[in-house]
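One file, input-v3.cif, carrying mmCIF, C-alpha atoms and all ligand atoms:
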```cif
data_input
#
loop_
_atom_site.label_atom_id
_atom_site.label_comp_id
_atom_site.auth_asym_id
_atom_site.auth_seq_id
_atom_site.Cartn_x
_atom_site.Cartn_y
_atom_site.Cartn_z
CA MET A 1 -5.12 14.81 -9.62
CA SER A 2 -2.93 12.01 -10.86
CA GLU A 3 -0.54 12.72 -13.67
CA ARG A 4 -2.55 10.83 -16.27
CA GLY A 5 -5.77 12.68 -15.62
CA LEU A 6 -7.58 10.35 -13.21
CA THR A 7 -8.78 11.70 -9.92
CA ALA A 8 -9.61 10.01 -6.64
CA ASP A 9 -13.10 11.54 -6.85
CA GLN A 10 -13.75 9.33 -9.88
CA ILE A 11 -13.79 6.42 -7.46
CA ASP A 12 -17.35 5.16 -7.15
CA THR A 13 -17.97 3.81 -3.65
CA SER A 14 -21.63 2.96 -4.31
CA ILE A 15 -20.95 -0.21 -6.29
CA ALA A 16 -18.49 -3.08 -5.69
CA HIS A 17 -15.41 -3.16 -7.92
CA PRO A 18 -13.54 -6.40 -8.70
CA ALA A 19 -10.10 -4.81 -8.04
CA ARG A 20 -11.18 -3.70 -4.56
CA MET A 21 -12.89 -7.03 -3.80
CA TYR A 22 -9.70 -8.86 -4.82
CA ASP A 23 -7.74 -6.51 -2.55
CA TYR A 24 -10.06 -7.52 0.30
CA TYR A 25 -9.57 -11.27 -0.40
CA LEU A 26 -5.81 -10.65 -0.24
CA GLY A 27 -6.11 -8.88 3.12
CA GLY A 28 -5.53 -5.38 1.69
CA ARG A 29 -7.03 -2.12 2.96
CA ASP A 30 -7.76 -0.35 -0.31
CA ASN A 31 -11.43 -1.24 -0.38
CA TYR A 32 -14.75 0.27 0.71
CA GLU A 33 -17.78 -0.97 2.65
CA VAL A 34 -19.62 -1.88 -0.56
CA ASP A 35 -16.65 -4.04 -1.68
CA ARG A 36 -16.27 -5.68 1.74
CA GLN A 37 -19.98 -6.56 1.84
CA ALA A 38 -19.86 -8.09 -1.65
CA ALA A 39 -16.61 -9.95 -0.96
CA GLN A 40 -17.89 -11.15 2.40
CA ARG A 41 -21.03 -12.57 0.75
CA ILE A 42 -18.75 -14.60 -1.53
CA ILE A 43 -16.38 -15.67 1.26
CA SER A 44 -19.36 -16.91 3.32
CA ALA A 45 -20.60 -19.02 0.42
CA LEU A 46 -17.20 -20.01 -0.97
CA PRO A 47 -14.42 -19.63 1.62
CA SER A 48 -11.91 -21.08 -0.85
CA ILE A 49 -12.03 -17.79 -2.79
CA VAL A 50 -9.37 -16.46 -0.39
CA THR A 51 -7.03 -19.40 -1.06
CA GLY A 52 -7.77 -18.95 -4.77
CA ALA A 53 -6.84 -15.25 -4.76
CA ARG A 54 -3.59 -15.97 -2.91
CA ALA A 55 -2.75 -18.87 -5.23
CA ASN A 56 -3.40 -16.66 -8.25
CA ARG A 57 -1.07 -14.02 -6.84
CA ALA A 58 1.61 -16.65 -6.19
CA PHE A 59 1.16 -17.82 -9.80
CA LEU A 60 1.86 -14.23 -10.89
CA HIS A 61 5.12 -14.25 -8.93
CA ARG A 62 6.27 -17.59 -10.38
CA THR A 63 5.24 -16.57 -13.90
CA VAL A 64 7.11 -13.26 -13.80
CA HIS A 65 10.17 -14.95 -12.34
CA THR A 66 10.07 -17.57 -15.12
CA LEU A 67 9.65 -14.95 -17.85
CA VAL A 68 12.61 -12.88 -16.68
CA ALA A 69 14.96 -15.51 -15.25
CA GLU A 70 14.34 -18.35 -17.73
CA CYS A 71 12.88 -16.81 -20.87
CA GLY A 72 15.06 -13.68 -20.92
CA ILE A 73 12.09 -11.26 -21.11
CA ARG A 74 13.05 -7.66 -20.34
CA GLN A 75 9.73 -5.88 -20.93
CA ILE A 76 6.39 -6.78 -19.42
CA LEU A 77 2.90 -5.46 -20.10
CA ASP A 78 0.69 -6.27 -17.10
CA ILE A 79 -2.95 -5.74 -18.14
CA GLY A 80 -5.48 -5.81 -15.29
CA THR A 81 -2.76 -5.00 -12.79
CA GLY A 82 -4.96 -4.81 -9.71
CA ILE A 83 -4.40 -2.68 -6.64
CA PRO A 84 -0.70 -2.87 -5.69
CA THR A 85 0.07 -5.86 -3.46
CA SER A 86 3.73 -6.40 -2.69
CA PRO A 87 5.61 -7.96 -4.27
CA ASN A 88 4.26 -6.47 -7.48
CA THR A 89 5.26 -7.49 -11.00
CA HIS A 90 8.13 -4.97 -11.27
CA GLU A 91 9.53 -6.01 -7.89
CA VAL A 92 9.68 -9.69 -8.87
CA ALA A 93 11.07 -8.88 -12.32
CA GLN A 94 13.59 -6.28 -11.23
CA ARG A 95 14.90 -8.50 -8.45
CA VAL A 96 16.11 -10.79 -11.25
CA GLU A 97 17.07 -8.08 -13.75
CA PRO A 98 16.87 -4.47 -12.48
CA THR A 99 16.49 -2.98 -15.97
CA THR A 100 13.30 -4.93 -16.75
CA ARG A 101 10.65 -2.50 -17.94
CA VAL A 102 7.10 -2.98 -16.63
CA VAL A 103 4.01 -1.21 -17.96
CA TYR A 104 0.89 -1.58 -15.86
CA VAL A 105 -2.60 -1.10 -17.33
CA ASP A 106 -5.97 -1.21 -15.56
CA ASN A 107 -9.41 0.29 -16.15
CA ASP A 108 -10.23 0.94 -12.49
CA PRO A 109 -9.53 4.51 -11.28
CA ILE A 110 -8.55 3.28 -7.82
CA VAL A 111 -5.76 1.22 -9.35
CA ALA A 112 -4.57 4.32 -11.21
CA VAL A 113 -4.48 6.37 -8.03
CA HIS A 114 -2.51 3.77 -6.08
CA ALA A 115 -0.34 2.81 -9.03
CA HIS A 116 1.07 6.31 -9.30
CA ALA A 117 1.97 6.26 -5.64
CA ARG A 118 3.19 2.69 -5.30
CA LEU A 119 4.03 1.16 -8.68
CA THR A 120 5.72 3.86 -10.69
CA ASP A 121 8.03 5.15 -7.96
CA ALA A 122 10.65 2.68 -9.15
CA GLY A 123 12.57 3.19 -12.39
CA HIS A 124 11.55 1.42 -15.60
CA THR A 125 7.86 1.30 -14.64
CA ALA A 126 4.81 3.11 -15.96
CA PHE A 127 1.04 3.00 -15.50
CA LEU A 128 -1.60 3.64 -18.15
CA PRO A 129 -5.34 3.69 -17.59
CA GLY A 130 -6.85 1.42 -20.23
CA ASP A 131 -9.54 -1.12 -20.94
CA VAL A 132 -8.51 -4.44 -22.49
CA ARG A 133 -11.75 -4.36 -24.47
CA ARG A 134 -10.16 -1.44 -26.31
CA LEU A 135 -6.79 -3.11 -26.73
CA ASP A 136 -5.86 -1.06 -29.80
CA GLU A 137 -5.95 2.15 -27.75
CA ILE A 138 -3.64 0.57 -25.15
CA LEU A 139 -1.18 -0.60 -27.81
CA GLU A 140 -1.29 2.75 -29.58
CA ARG A 141 -0.50 4.61 -26.39
CA VAL A 142 2.26 2.18 -25.37
CA ARG A 143 3.82 2.66 -28.80
CA ALA A 144 3.36 6.44 -28.88
CA GLU A 145 4.99 6.85 -25.47
CA LYS A 146 7.72 4.35 -26.41
CA LEU A 147 7.04 2.35 -23.27
CA ILE A 148 7.51 -1.01 -24.98
CA ASP A 149 9.73 -1.85 -27.94
CA PHE A 150 7.63 -4.10 -30.16
CA THR A 151 10.68 -5.24 -32.13
CA GLN A 152 11.81 -7.15 -29.02
CA PRO A 153 9.98 -9.99 -27.20
CA VAL A 154 7.38 -8.86 -24.68
CA GLY A 155 5.83 -10.73 -21.76
CA VAL A 156 2.13 -9.94 -21.43
CA LEU A 157 0.21 -10.78 -18.26
CA MET A 158 -3.57 -11.13 -18.31
CA LEU A 159 -4.05 -12.63 -14.88
CA ALA A 160 -7.53 -13.01 -13.43
CA LEU A 161 -8.65 -10.57 -16.12
CA LEU A 162 -10.36 -12.29 -19.05
CA HIS A 163 -13.13 -13.79 -16.89
CA PHE A 164 -14.37 -10.18 -16.54
CA LEU A 165 -15.08 -10.18 -20.29
CA ARG A 166 -18.41 -11.60 -21.36
CA ASP A 167 -18.58 -14.07 -24.27
CA GLU A 168 -20.04 -11.37 -26.50
CA GLU A 169 -16.95 -9.22 -25.77
CA ASN A 170 -14.95 -12.03 -27.39
CA PRO A 171 -11.89 -12.42 -25.16
CA ALA A 172 -10.35 -14.88 -27.68
CA ALA A 173 -10.34 -12.14 -30.32
CA VAL A 174 -8.72 -9.74 -27.85
CA VAL A 175 -5.87 -12.19 -27.17
CA ALA A 176 -5.53 -12.88 -30.92
CA ARG A 177 -5.20 -9.15 -31.67
CA LEU A 178 -2.59 -8.90 -28.96
CA ARG A 179 -0.71 -11.93 -30.34
CA ASP A 180 -0.63 -10.33 -33.79
CA ALA A 181 0.95 -7.18 -32.34
CA LEU A 182 3.75 -9.10 -30.61
CA PRO A 183 7.00 -10.31 -32.17
CA ALA A 184 7.70 -14.06 -32.24
CA GLY A 185 9.32 -15.23 -29.01
CA SER A 186 6.95 -13.09 -26.91
CA TYR A 187 4.93 -14.67 -24.11
CA VAL A 188 1.41 -14.38 -22.78
CA ALA A 189 0.43 -15.54 -19.30
CA ILE A 190 -3.26 -16.06 -18.56
CA SER A 191 -5.13 -17.11 -15.44
CA HIS A 192 -8.87 -17.60 -15.53
CA GLY A 193 -11.61 -18.81 -13.18
CA THR A 194 -13.43 -22.06 -13.97
CA ARG A 195 -16.30 -24.13 -12.68
CA ASP A 196 -14.72 -27.34 -14.06
CA ARG A 197 -14.81 -29.96 -11.32
CA ALA A 198 -17.64 -28.12 -9.57
CA THR A 199 -19.65 -30.58 -7.54
CA MET A 200 -23.22 -30.46 -6.33
CA GLU A 201 -21.76 -29.13 -3.08
CA ASN A 202 -20.31 -26.00 -4.54
CA PHE A 203 -22.88 -25.48 -7.27
CA GLU A 204 -24.86 -23.02 -5.15
CA PRO A 205 -21.80 -21.11 -3.87
CA LEU A 206 -20.71 -20.66 -7.48
CA ALA A 207 -24.15 -19.32 -8.34
CA GLU A 208 -23.76 -16.87 -5.43
CA LEU A 209 -20.35 -15.84 -6.79
CA ALA A 210 -21.83 -15.11 -10.20
CA ASP A 211 -24.72 -13.20 -8.64
CA VAL A 212 -22.48 -10.94 -6.55
CA TYR A 213 -20.30 -10.04 -9.54
CA ARG A 214 -23.40 -9.44 -11.68
CA HIS A 215 -24.14 -6.53 -9.34
CA ALA A 216 -20.53 -5.26 -9.37
CA THR A 217 -18.92 -3.19 -12.13
CA ALA A 218 -17.93 -6.29 -14.11
CA SER A 219 -19.67 -9.64 -14.27
CA LEU A 220 -17.76 -12.90 -14.05
CA THR A 221 -17.77 -15.54 -16.79
CA LEU A 222 -16.19 -18.80 -15.67
CA ARG A 223 -14.85 -20.89 -18.56
CA THR A 224 -13.87 -24.48 -19.24
CA HIS A 225 -10.37 -25.83 -19.82
CA ALA A 226 -11.06 -26.05 -23.57
CA GLN A 227 -12.26 -22.44 -23.71
CA VAL A 228 -9.23 -21.07 -21.83
CA LEU A 229 -6.90 -23.26 -23.89
CA GLY A 230 -8.40 -21.66 -26.99
CA PHE A 231 -6.95 -18.28 -25.89
CA PHE A 232 -3.45 -19.74 -26.51
CA GLU A 233 -4.01 -20.21 -30.24
CA GLY A 234 -0.68 -19.43 -31.96
CA PHE A 235 1.29 -19.91 -28.74
CA ASP A 236 3.20 -22.98 -27.53
CA LEU A 237 2.43 -23.63 -23.88
CA LEU A 238 5.35 -23.93 -21.49
CA GLU A 239 5.34 -27.00 -19.27
CA PRO A 240 3.18 -28.07 -17.48
CA GLY A 241 0.57 -26.60 -19.87
CA LEU A 242 -2.75 -25.15 -18.76
CA VAL A 243 -3.35 -26.40 -15.22
CA SER A 244 -4.74 -25.16 -11.93
CA VAL A 245 -2.62 -22.13 -10.90
CA SER A 246 -1.49 -23.97 -7.78
CA SER A 247 -0.09 -26.81 -9.91
CA TRP A 248 1.84 -24.57 -12.32
CA ARG A 249 5.47 -25.10 -11.29
CA PRO A 250 4.61 -25.03 -7.57
CA ALA A 251 7.29 -23.97 -5.11
CA PRO A 252 8.82 -27.05 -3.41
CA ASP A 253 7.46 -25.91 -0.04
CA SER A 254 4.00 -25.00 -1.40
CA THR A 255 1.12 -25.82 0.92
CA GLU A 256 -1.55 -24.93 -1.66
CA PRO A 257 -4.04 -27.63 -2.64
CA PRO A 258 -3.17 -29.01 -6.11
CA TRP A 259 -6.61 -28.04 -7.45
CA ILE A 260 -8.00 -24.52 -7.25
CA GLY A 261 -10.72 -23.40 -9.66
CA ILE A 262 -8.44 -21.01 -11.56
CA TYR A 263 -6.52 -22.16 -14.62
CA GLY A 264 -3.09 -20.74 -15.38
CA GLY A 265 -0.73 -21.12 -18.30
CA VAL A 266 2.10 -19.37 -20.12
CA GLY A 267 2.47 -19.51 -23.91
CA ARG A 268 5.33 -18.54 -26.24
CA LYS A 269 4.37 -16.96 -29.56
CA ARG A 270 5.55 -19.05 -32.50
C1 LIG B 301 -8.84 -9.96 -9.88
S1 LIG B 301 -7.86 -8.56 -10.26
C2 LIG B 301 -6.33 -9.34 -10.77
C3 LIG B 301 -5.11 -8.50 -10.47
C4 LIG B 301 -3.79 -9.10 -10.93
N1 LIG B 301 -3.77 -9.26 -12.37
C5 LIG B 301 -3.55 -10.44 -10.29
O1 LIG B 301 -3.77 -11.47 -10.96
O2 LIG B 301 -3.16 -10.50 -9.12
C6 LIG B 301 -8.54 -8.10 -11.85
C7 LIG B 301 -8.10 -6.73 -12.31
O3 LIG B 301 -8.51 -6.56 -13.68
C8 LIG B 301 -9.03 -5.26 -13.82
N2 LIG B 301 -9.96 -5.27 -14.97
C9 LIG B 301 -11.18 -5.84 -15.03
N3 LIG B 301 -11.73 -5.65 -16.24
C10 LIG B 301 -10.81 -4.94 -16.96
C11 LIG B 301 -10.79 -4.43 -18.29
N4 LIG B 301 -11.83 -4.60 -19.11
N5 LIG B 301 -9.68 -3.75 -18.70
C12 LIG B 301 -8.63 -3.56 -17.87
N6 LIG B 301 -8.60 -4.01 -16.59
C13 LIG B 301 -9.68 -4.69 -16.14
C14 LIG B 301 -9.70 -4.95 -12.51
O4 LIG B 301 -9.84 -3.55 -12.32
C15 LIG B 301 -8.73 -5.58 -11.53
O5 LIG B 301 -7.74 -4.67 -11.13
#
```
Could you render the structure as C-alpha cells?
Amino acid sequence: MSERGLTADQIDTSIAHPARMYDYYLGGRDNYEVDRQAAQRIISALPSIVTGARANRAFLHRTVHTLVAECGIRQILDIGTGIPTSPNTHEVAQRVEPTTRVVYVDNDPIVAVHAHARLTDAGHTAFLPGDVRRLDEILERVRAEKLIDFTQPVGVLMLALLHFLRDEENPAAVVARLRDALPAGSYVAISHGTRDRATMENFEPLAELADVYRHATASLTLRTHAQVLGFFEGFDLLEPGLVSVSSWRPAPDSTEPPWIGIYGGVGRKR
C-alpha cells in the first residue's frame, strides 16, 4: 500500500497504458506485455516515435533548467509526470537550486507506485494522484497540503499530456482554469503531438498510432500549431515560441532532427 492510498494491485495489466508505453519507448522496464505489444505496433509503423519520446524528454530537461536557472522559479507542478526516468524534474531543478519544490501529479496508479519509491525520496518533492480533467481537485489538494505557495510564481509542466484529452474534454479550458489560479509571473510549459507536416508517407502510420491509443486507457488527439498556440492564451511565449520540441533552445551538440511532430513552448503569465 502506498502512502496515498494507491496499491500495486490497482495496476491493470490487461489494457495498454500511455505512461507504460512511453516508458517502453524510452527504454524503461516498468511496462507489461500488453504495453510492449501496443508500443511495438506503433514503433513498427512509425519508428520515429522513439526519437520523439526522447526529444520530448530532453525538452523537459531544458524547460526545467530554464525555469529554475533563468526565470527564478522555485516551485514546480509537474502534471502527467510519467513513470520516473532519470533525470526527473526534481533532479534537474534541484541541481540548479536544491530548495526547489516539485509536486508531481499523475492519474496512472503505476506512476504513483514508482513515484513514492523514486521521486519523493528526495527532499522538497511530493506526489499526488490526480486527473488533470479534475484540475480543481488537484489545486485544492495542493493548497490544503501547502505543497505550493500560490502567492509566489509557479512553473507548471503539462508535457505530452494534453493530447490525451479529447476535444470534448476541452483542454483549453483546463489550461485557462490553471492560468487563473496562478499568480502573474508564473509559467506553463506544454508539449503536444501534432500531425502538421504529415505527408502521404506517414498518413497511414499516424492512423495506426491513433488506432493503438484508441484501444489503450486514453486516446490520442493530435492538434495543429494554431490549436496548441491557443492553450497559451494569457501567457507570453518565451523565445523561440511554439516550435518542434527539438528546435526549442536545442543543446549546441544536439543531434536531434529539427522537426519532430511534437510542439513545445513555455509561456509566462501576464
Ligand atoms: C507520455 S507521458 C509524459 C510524461 C512526462 N510528462 C514527459 O513529458 O516526459 C504522459 C503522462 O500523462 C499521464 N496522463 C494521461 N492522462 C492524464 C490525465 N487525464 N491526468 C493526469 N495524468 C494523465 C499518463 O499517465 C502519463 O504518465
task = Quick one: residues within 8 Å of (-4.2, -10.9, -2.5) (file frame), counting all atoms listed in the file, please, as a list in words.
result =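 Residues close enough to count: Tyr22, Asp23, Tyr24, Tyr25, Leu26, Gly27, Gly28, Val50, Ala53, Arg54, Arg57 and Thr85 of chain A.
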inquiry  = Can you work out which residues are within 7 Å of ligand LIG 301 (chain B), considering only C-alpha atoms and all ligand atoms, and then hand them over as JSON, numbers by chain?
reply    = {"A": [18, 19, 22, 56, 57, 60, 79, 80, 81, 82, 83, 105, 106, 107, 108, 111, 130, 131, 132, 133, 158, 159, 160, 161, 164, 165, 218]}
Set out as a Markdown table a contact list for range 117-197 of chain A and range 88-100 of chain A with a cut-off of 8 Å, giving each residue of range 117-197 of chain A that qualifies its closest atom pair and distance in Å to one decimal, counting all atoms listed in the file, ordered by chain and rising residue number.
```
| residue | atom | partner | partner_atom | distance |
| --- | --- | --- | --- | --- |
| A:Leu119 | CA | A:Asn88 | CA | 7.7 |
| A:His124 | CA | A:Thr99 | CA | 6.6 |
| A:Thr125 | CA | A:His90 | CA | 7.1 |
```
task = Measuring atom to atom with all atoms listed in the file, identify which of A:Val188, A:Ala226, A:Val142, A:Ala216 is nearest to Leu157 in chain A.
result =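 Checking each of A:Val188, A:Ala226, A:Val142, A:Ala216 against Leu157 in chain A, counting all atoms listed in the file, the winner is A:Val188.
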With 12 Å as the cut-off and only C-alpha atoms counted, what is the closest atom pair between each nearby residue of range 57-120 of chain A and range 175-183 of chain A? Distances in Å to one decimal, ordered by chain and number, as a tab-separated table.
```
residue	atom	partner	partner_atom	distance
A:Gln75	CA	A:Leu182	CA	11.8
A:Ile76	CA	A:Leu182	CA	11.7
A:Leu77	CA	A:Leu178	CA	11.0
A:Ile79	CA	A:Leu178	CA	11.3
```
ask   = Any idea what's packed within 10 Å of Ala117 in chain A, counting all atoms listed in the file, ignoring anything in its chain fewer than 4 positions away? Could you give it as a ChimeraX atom specification?
value = /A:2,84,111-113,121
Kindly save the residues from that selection, with C-alpha atoms included, as a compact mmCIF listing (two decimals), in the coordinates of the input.
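That gives us part_15.txt:
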```
# COMPACT_ATOMS: atom_id res chain seq x y z
CA SER A 2 -2.93 12.01 -10.86
CA PRO A 84 -0.70 -2.87 -5.69
CA VAL A 111 -5.76 1.22 -9.35
CA ALA A 112 -4.57 4.32 -11.21
CA VAL A 113 -4.48 6.37 -8.03
CA ASP A 121 8.03 5.15 -7.96
```
ask   = Which is closer to Gly267 in chain A than all the others in A:Gln152, A:Thr63, A:Thr221, A:Gln227, using only C-alpha atoms?
value = A:Thr63
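The shortest atom-to-atom distance to Leu206 in chain A, with all atoms listed in the file taken into account, belongs to A:Ile49 out of A:Ile49, A:Val64, A:Val266, A:Ala69.
Compared by their closest atoms to Pro109 in chain A, and using all atoms listed in the file, the residues A:Leu128, A:Ile138, A:Val174, A:Leu242 rank with A:Leu128 nearest.
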task = Would you work out the distance separating CA of His17 in chain A from CA of Ile43 in chain A, expressed in Å to one decimal?
result =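 CA of Ile43 in chain A lies 15.5 Å from CA of His17 in chain A.
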For Glu239 in chain A, work out the shell of residues within 12 Å, counting all atoms listed in the file and skipping chain neighbours fewer than 6 positions away, then give it as a compact mmCIF listing (two decimals) with C-alpha atoms, in the coordinates of the input.
```txt
# COMPACT_ATOMS: atom_id res chain seq x y z
CA THR A 63 5.24 -16.57 -13.90
CA THR A 66 10.07 -17.57 -15.12
CA SER A 247 -0.09 -26.81 -9.91
CA TRP A 248 1.84 -24.57 -12.32
CA ARG A 249 5.47 -25.10 -11.29
CA PRO A 250 4.61 -25.03 -7.57
CA GLY A 264 -3.09 -20.74 -15.38
CA GLY A 265 -0.73 -21.12 -18.30
CA VAL A 266 2.10 -19.37 -20.12
CA GLY A 267 2.47 -19.51 -23.91
CA ARG A 268 5.33 -18.54 -26.24
```
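CA of Pro257 in chain A to CA of Arg29 in chain A spans 26.3 Å [interatomic distance, one decimal].
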ask   = In Å, with one decimal, what is the gap from CA of Gly72 in chain A to CA of Ala172 in chain A?
value =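 Pair CA of Gly72 in chain A / CA of Ala172 in chain A returns 26.3 Å.
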task = Go ahead and find all residues with at least one atom no further than 12 Å from (15.8, -7.1, -32.5) in the file's coordinates, using all atoms listed in the file; report them as a PyMOL selection string.
result = chain A and resi 149-154+183-185
request  = Point out the residue among A:Glu201, A:Glu233, A:Asp167, A:Asp78 with the least atom-to-atom distance to Ile148 in chain A, counting all atoms listed in the file.
outcome  = A:Asp78
